[in-house]
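See below for the structure under consideration.
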Amino acid sequence: RGTIPSSIQLLSGIRELDIEGNNFSGTIPVEMTTLSLLTKLDARSCRLSGQLPTEIGLMSRLDNALLQDNLWTGTVPSELGLLTSTSRFHISGQITNGPKMFGTIPPEIGNMTDLTVLSLYRNNLTGTLPTEIGRLTKLRLLRLFEGRLSGSLPTELGLLTDLRELELHLNDFSGSIPTELGLLTQLDRGLFYGNNLTGTMPLEVCAVSPSVLIGGCNLTEWDCSCCTSCSRPGGRGGGGGGGRGGGSG
């Protein structure tokens, strides 16, 4: 309980810090970012809130940042781009209608070239998905669902050839799905429902044959004949009938 004390900076030799599931509240103190040897920070499922400190970019050895299921507000700091050795970065809101992060995804995120997992879901992030996302060629999992991201899906997503899971559902993306996603030959899970997409699922994507491929049920907007199932925007987390296999997701 309580807040994380600023005296945590005295743990100068610590390499892993795990406070998952505790009832810590308040913000991450700036003093924590002076822990220059820290490689893992696990603060999942606490009650941490406020703005993520921009000084997090000083934690150059941070490999795993697990900050999901908290009460974060504020924007995603562009200083994350300084974390060029980070492989897993999770920061998300809770399932409840509590505080959310807002603003845009900074293009500097494309400098985090060692990332294998990027999760920024259940936030109120707006704007487009920056084209710099295509620089994250080691990504295996990209989760951006339940936000307010808009605009066209960048063709640069096709550069993420190690990607296994792409979860973009329940946003405001528009336009057609780029054929370049057919280059994601390792893709096993693709979720696109609950957006404003139009046209058809490209044959190039269908040829990849992911085991889970979920589009929208409203075929008057866009067609996904090769999807494993469909889901309606009003049914978050649910699936509908139709698509390949005729089952539900």
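Residues in the structure tokens are numbered from 1 in each chain, the chains being A, B, ... in the order shown, and ligands are numbered from 1 in the order shown.
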
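Every protein, DNA or RNA residue with an atom at most 9 Å from A:Leu115, where only C-alpha atoms count and chain neighbours fewer than 6 positions away do not, is listed here: Asp63, Thr84, Ser85, Thr86, Ser87, Arg88, Phe89, Leu136, Thr137, Lys138, Leu139 and Arg140 of chain A.
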
So which bits of stretch 4-231 of chain A end up helix (DSSP H, G or I) when you DSSP the backbone, as a PyMOL selection string?
-> chain A and resi 6-10+30-34+54-58+78-82+107-111+131-135+155-159+179-183+203-208

Could you take the residues named above and write them with C-alpha atoms, as a compact mmCIF listing (two decimals), in the first residue's frame?
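Output (again_1.txt):
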```
# COMPACT_ATOMS: atom_id res chain seq x y z
CA SER A 6 11.74 8.33 -3.61
CA SER A 7 14.36 6.57 -1.48
CA ILE A 8 14.12 3.66 -3.90
CA GLN A 9 17.02 5.35 -5.67
CA LEU A 10 19.26 3.96 -2.88
CA VAL A 30 11.52 10.24 -11.01
CA GLU A 31 14.15 8.88 -8.61
CA MET A 32 13.39 5.35 -9.81
CA THR A 33 14.71 6.24 -13.25
CA THR A 34 18.21 6.65 -11.76
CA THR A 54 9.97 11.32 -19.35
CA GLU A 55 13.14 10.35 -17.49
CA ILE A 56 12.28 6.70 -18.16
CA GLY A 57 14.39 7.18 -21.28
CA LEU A 58 17.46 7.26 -19.02
CA SER A 78 8.74 10.47 -26.87
CA GLU A 79 11.74 9.67 -24.67
CA LEU A 80 10.79 6.01 -24.97
CA GLY A 81 12.75 6.19 -28.19
CA LEU A 82 15.92 6.21 -26.09
CA PRO A 107 7.27 8.46 -34.02
CA GLU A 108 10.34 8.04 -31.80
CA ILE A 109 8.95 4.65 -30.86
CA GLY A 110 10.51 3.47 -34.09
CA ASN A 111 13.92 3.79 -32.39
CA THR A 131 5.07 4.78 -40.29
CA GLU A 132 8.16 4.42 -38.10
CA ILE A 133 6.50 1.29 -36.68
CA GLY A 134 8.02 -0.46 -39.69
CA ARG A 135 11.48 -0.12 -38.15
CA THR A 155 2.02 -0.19 -45.50
CA GLU A 156 5.17 -0.35 -43.36
CA LEU A 157 3.42 -2.96 -41.21
CA GLY A 158 4.46 -5.37 -43.94
CA LEU A 159 8.09 -4.93 -42.85
CA THR A 179 -1.73 -5.90 -49.36
CA GLU A 180 1.71 -5.62 -47.75
CA LEU A 181 0.31 -7.48 -44.73
CA GLY A 182 0.60 -10.54 -46.93
CA LEU A 183 4.35 -10.36 -46.26
CA LEU A 203 -5.84 -12.30 -51.05
CA GLU A 204 -2.21 -11.94 -50.00
CA VAL A 205 -3.29 -11.90 -46.34
CA CYS A 206 -5.69 -14.80 -46.85
CA ALA A 207 -2.81 -16.81 -48.32
CA VAL A 208 -0.90 -16.50 -45.04
```

DSSP-assigned strand (DSSP E) members of stretch 2-239 of chain A, reported as an NGL selection string = :A and (16-18 or 25-26 or 40-42 or 47-50 or 64-66 or 71-72 or 88-90 or 102-103 or 117-119 or 124-125 or 141-143 or 150-151 or 165-167 or 172-175 or 189-191 or 196-197 or 199-200 or 212-216 or 222-223 or 229-231)

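Here atom CA of A:Arg189 and atom CA of A:Leu83 stand 27.0 Å from one another.
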
Distance query A:Arg164 at most 9 Å, only C-alpha atoms, self and fewer than 2 positions along chain excluded, as a count of residues only | 15

Please provide as a ChimeraX atom specification all residues within 6 Å of A:Glu146, with the sequence filter that same-chain residues fewer than 5 positions apart are discarded (counting only C-alpha atoms).
-> /A:121-122,170-171

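We find atom CA of A:Cys226 and atom CA of A:Asn195 to be spaced 17.8 Å apart.
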
Excluding A:Ile91 and any residue of its chain fewer than 6 positions from it, enumerate the residues within 10 Å of it, using only C-alpha atoms, and give them as a list in words.
-> Ala43, Arg44, Leu52, Ala65, Leu66, Leu67, Gln68, Asp69, Asn70, Leu71, Trp72, Val76, Met101, Leu118, Ser119, Leu120, Tyr121, Arg122 and Asn123 of chain A

Export C-alpha atoms of the chosen residues as a PDB file, in the first residue's frame?
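Result file follows (result-v6.pdb):
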```
ATOM      1  CA  ALA A  43       4.617  -3.157 -11.988  1.00  0.00           C
ATOM      2  CA  ARG A  44       1.602  -4.917 -13.456  1.00  0.00           C
ATOM      3  CA  LEU A  52       4.872   8.156 -17.069  1.00  0.00           C
ATOM      4  CA  ALA A  65       8.947  -2.917 -18.831  1.00  0.00           C
ATOM      5  CA  LEU A  66       5.697  -4.502 -17.674  1.00  0.00           C
ATOM      6  CA  LEU A  67       3.411  -1.644 -16.677  1.00  0.00           C
ATOM      7  CA  GLN A  68       0.011  -2.854 -17.856  1.00  0.00           C
ATOM      8  CA  ASP A  69      -3.316  -2.828 -15.989  1.00  0.00           C
ATOM      9  CA  ASN A  70      -2.757   0.381 -14.058  1.00  0.00           C
ATOM     10  CA  LEU A  71      -4.446   3.797 -14.018  1.00  0.00           C
ATOM     11  CA  TRP A  72      -2.047   5.747 -16.220  1.00  0.00           C
ATOM     12  CA  VAL A  76       3.234   8.393 -24.205  1.00  0.00           C
ATOM     13  CA  MET A 101      -3.525   7.621 -21.500  1.00  0.00           C
ATOM     14  CA  LEU A 118       4.698  -3.731 -27.859  1.00  0.00           C
ATOM     15  CA  SER A 119       1.388  -3.376 -26.018  1.00  0.00           C
ATOM     16  CA  LEU A 120      -0.383  -0.014 -25.794  1.00  0.00           C
ATOM     17  CA  TYR A 121      -3.959  -1.264 -25.554  1.00  0.00           C
ATOM     18  CA  ARG A 122      -7.020   0.009 -23.642  1.00  0.00           C
ATOM     19  CA  ASN A 123      -5.937   3.627 -23.862  1.00  0.00           C
TER      20      ASN A 123
END
```

Applying 12 Å and only C-alpha atoms, which residues near A:Asp223 remain after dropping the ones on its own chain fewer than 3 positions away? List them as a compact mmCIF listing (two decimals) with N, CA, C and O atoms, in the first residue's frame.
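The resulting file, part10.txt, is reproduced below:
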```txt
# COMPACT_ATOMS: atom_id res chain seq x y z
N SER A 176 -8.53 0.76 -46.60
CA SER A 176 -8.43 -0.68 -46.86
C SER A 176 -7.23 -1.28 -46.14
O SER A 176 -6.31 -0.57 -45.73
N ILE A 177 -7.27 -2.58 -45.97
CA ILE A 177 -6.14 -3.29 -45.37
C ILE A 177 -5.06 -3.43 -46.44
O ILE A 177 -5.31 -3.93 -47.54
N PHE A 192 -9.03 -7.37 -36.60
CA PHE A 192 -9.26 -6.11 -37.29
C PHE A 192 -10.66 -5.55 -37.08
O PHE A 192 -10.98 -4.47 -37.57
N TYR A 193 -11.52 -6.25 -36.37
CA TYR A 193 -12.93 -5.85 -36.27
C TYR A 193 -13.08 -4.57 -35.43
O TYR A 193 -12.20 -4.16 -34.70
N LEU A 197 -12.93 0.07 -41.54
CA LEU A 197 -12.23 -0.43 -42.73
C LEU A 197 -13.22 -0.72 -43.85
O LEU A 197 -14.39 -1.03 -43.61
N THR A 198 -12.73 -0.61 -45.06
CA THR A 198 -13.56 -0.83 -46.25
C THR A 198 -12.84 -1.78 -47.20
O THR A 198 -11.67 -2.11 -47.01
N GLY A 199 -13.56 -2.20 -48.23
CA GLY A 199 -12.96 -3.07 -49.24
C GLY A 199 -13.00 -4.53 -48.80
O GLY A 199 -13.90 -4.96 -48.09
N THR A 200 -12.01 -5.27 -49.23
CA THR A 200 -11.94 -6.70 -48.92
C THR A 200 -10.60 -7.03 -48.28
O THR A 200 -9.62 -6.29 -48.44
N MET A 201 -10.57 -8.14 -47.57
CA MET A 201 -9.30 -8.63 -47.05
C MET A 201 -8.45 -9.07 -48.25
O MET A 201 -8.89 -9.88 -49.06
N PRO A 202 -7.25 -8.52 -48.39
CA PRO A 202 -6.42 -8.88 -49.56
C PRO A 202 -6.17 -10.38 -49.63
O PRO A 202 -5.97 -11.05 -48.61
N LEU A 203 -6.13 -10.88 -50.85
CA LEU A 203 -5.84 -12.30 -51.05
C LEU A 203 -4.47 -12.66 -50.50
O LEU A 203 -4.25 -13.79 -50.06
N CYS A 206 -5.00 -13.51 -46.94
CA CYS A 206 -5.69 -14.80 -46.85
C CYS A 206 -4.72 -15.95 -47.10
O CYS A 206 -4.84 -17.02 -46.47
N ILE A 214 -9.92 -12.33 -37.51
CA ILE A 214 -11.27 -11.88 -37.19
C ILE A 214 -11.52 -10.51 -37.80
O ILE A 214 -10.78 -9.55 -37.55
N GLY A 215 -12.56 -10.44 -38.62
CA GLY A 215 -12.99 -9.19 -39.21
C GLY A 215 -14.33 -8.77 -38.64
O GLY A 215 -14.82 -9.33 -37.65
N GLY A 216 -14.95 -7.76 -39.25
CA GLY A 216 -16.25 -7.30 -38.81
C GLY A 216 -17.37 -8.09 -39.45
O GLY A 216 -17.22 -8.67 -40.52
N CYS A 217 -18.50 -8.11 -38.78
CA CYS A 217 -19.65 -8.87 -39.28
C CYS A 217 -20.46 -8.10 -40.33
O CYS A 217 -21.28 -8.69 -41.03
N ASN A 218 -20.26 -6.77 -40.42
CA ASN A 218 -21.03 -5.96 -41.35
C ASN A 218 -20.40 -6.03 -42.73
O ASN A 218 -19.50 -5.27 -43.07
N LEU A 219 -20.88 -6.95 -43.54
CA LEU A 219 -20.28 -7.18 -44.86
C LEU A 219 -20.59 -6.07 -45.85
O LEU A 219 -20.04 -6.06 -46.95
N THR A 220 -21.47 -5.12 -45.48
CA THR A 220 -21.72 -3.98 -46.37
C THR A 220 -20.56 -2.99 -46.32
O THR A 220 -20.44 -2.13 -47.17
N CYS A 226 -12.12 -14.97 -45.92
CA CYS A 226 -11.19 -15.96 -45.39
C CYS A 226 -11.04 -15.86 -43.88
O CYS A 226 -10.22 -16.57 -43.28
N CYS A 227 -11.80 -14.93 -43.22
CA CYS A 227 -11.69 -14.79 -41.78
C CYS A 227 -12.20 -16.04 -41.07
O CYS A 227 -13.13 -16.70 -41.55
N SER A 229 -13.65 -15.93 -38.17
CA SER A 229 -14.92 -15.54 -37.58
C SER A 229 -15.07 -14.03 -37.73
O SER A 229 -14.17 -13.35 -38.24
N CYS A 230 -16.19 -13.51 -37.30
CA CYS A 230 -16.41 -12.07 -37.31
C CYS A 230 -16.90 -11.65 -35.94
O CYS A 230 -17.34 -12.46 -35.14
N GLY A 242 -20.08 -16.82 -39.01
CA GLY A 242 -19.70 -16.49 -40.37
C GLY A 242 -18.21 -16.62 -40.59
O GLY A 242 -17.43 -16.83 -39.69
N GLY A 243 -17.82 -16.45 -41.86
CA GLY A 243 -16.39 -16.52 -42.19
C GLY A 243 -15.95 -17.98 -42.29
O GLY A 243 -16.73 -18.92 -42.20
N ARG A 244 -14.63 -18.14 -42.49
CA ARG A 244 -14.06 -19.47 -42.67
C ARG A 244 -14.36 -20.32 -41.44
O ARG A 244 -14.13 -19.93 -40.32
```

Which of these residues is nearest to A:Pro5, using only C-alpha atoms: A:Asn22, A:Thr27, A:Ser231, A:Gln94?
-> A:Thr27
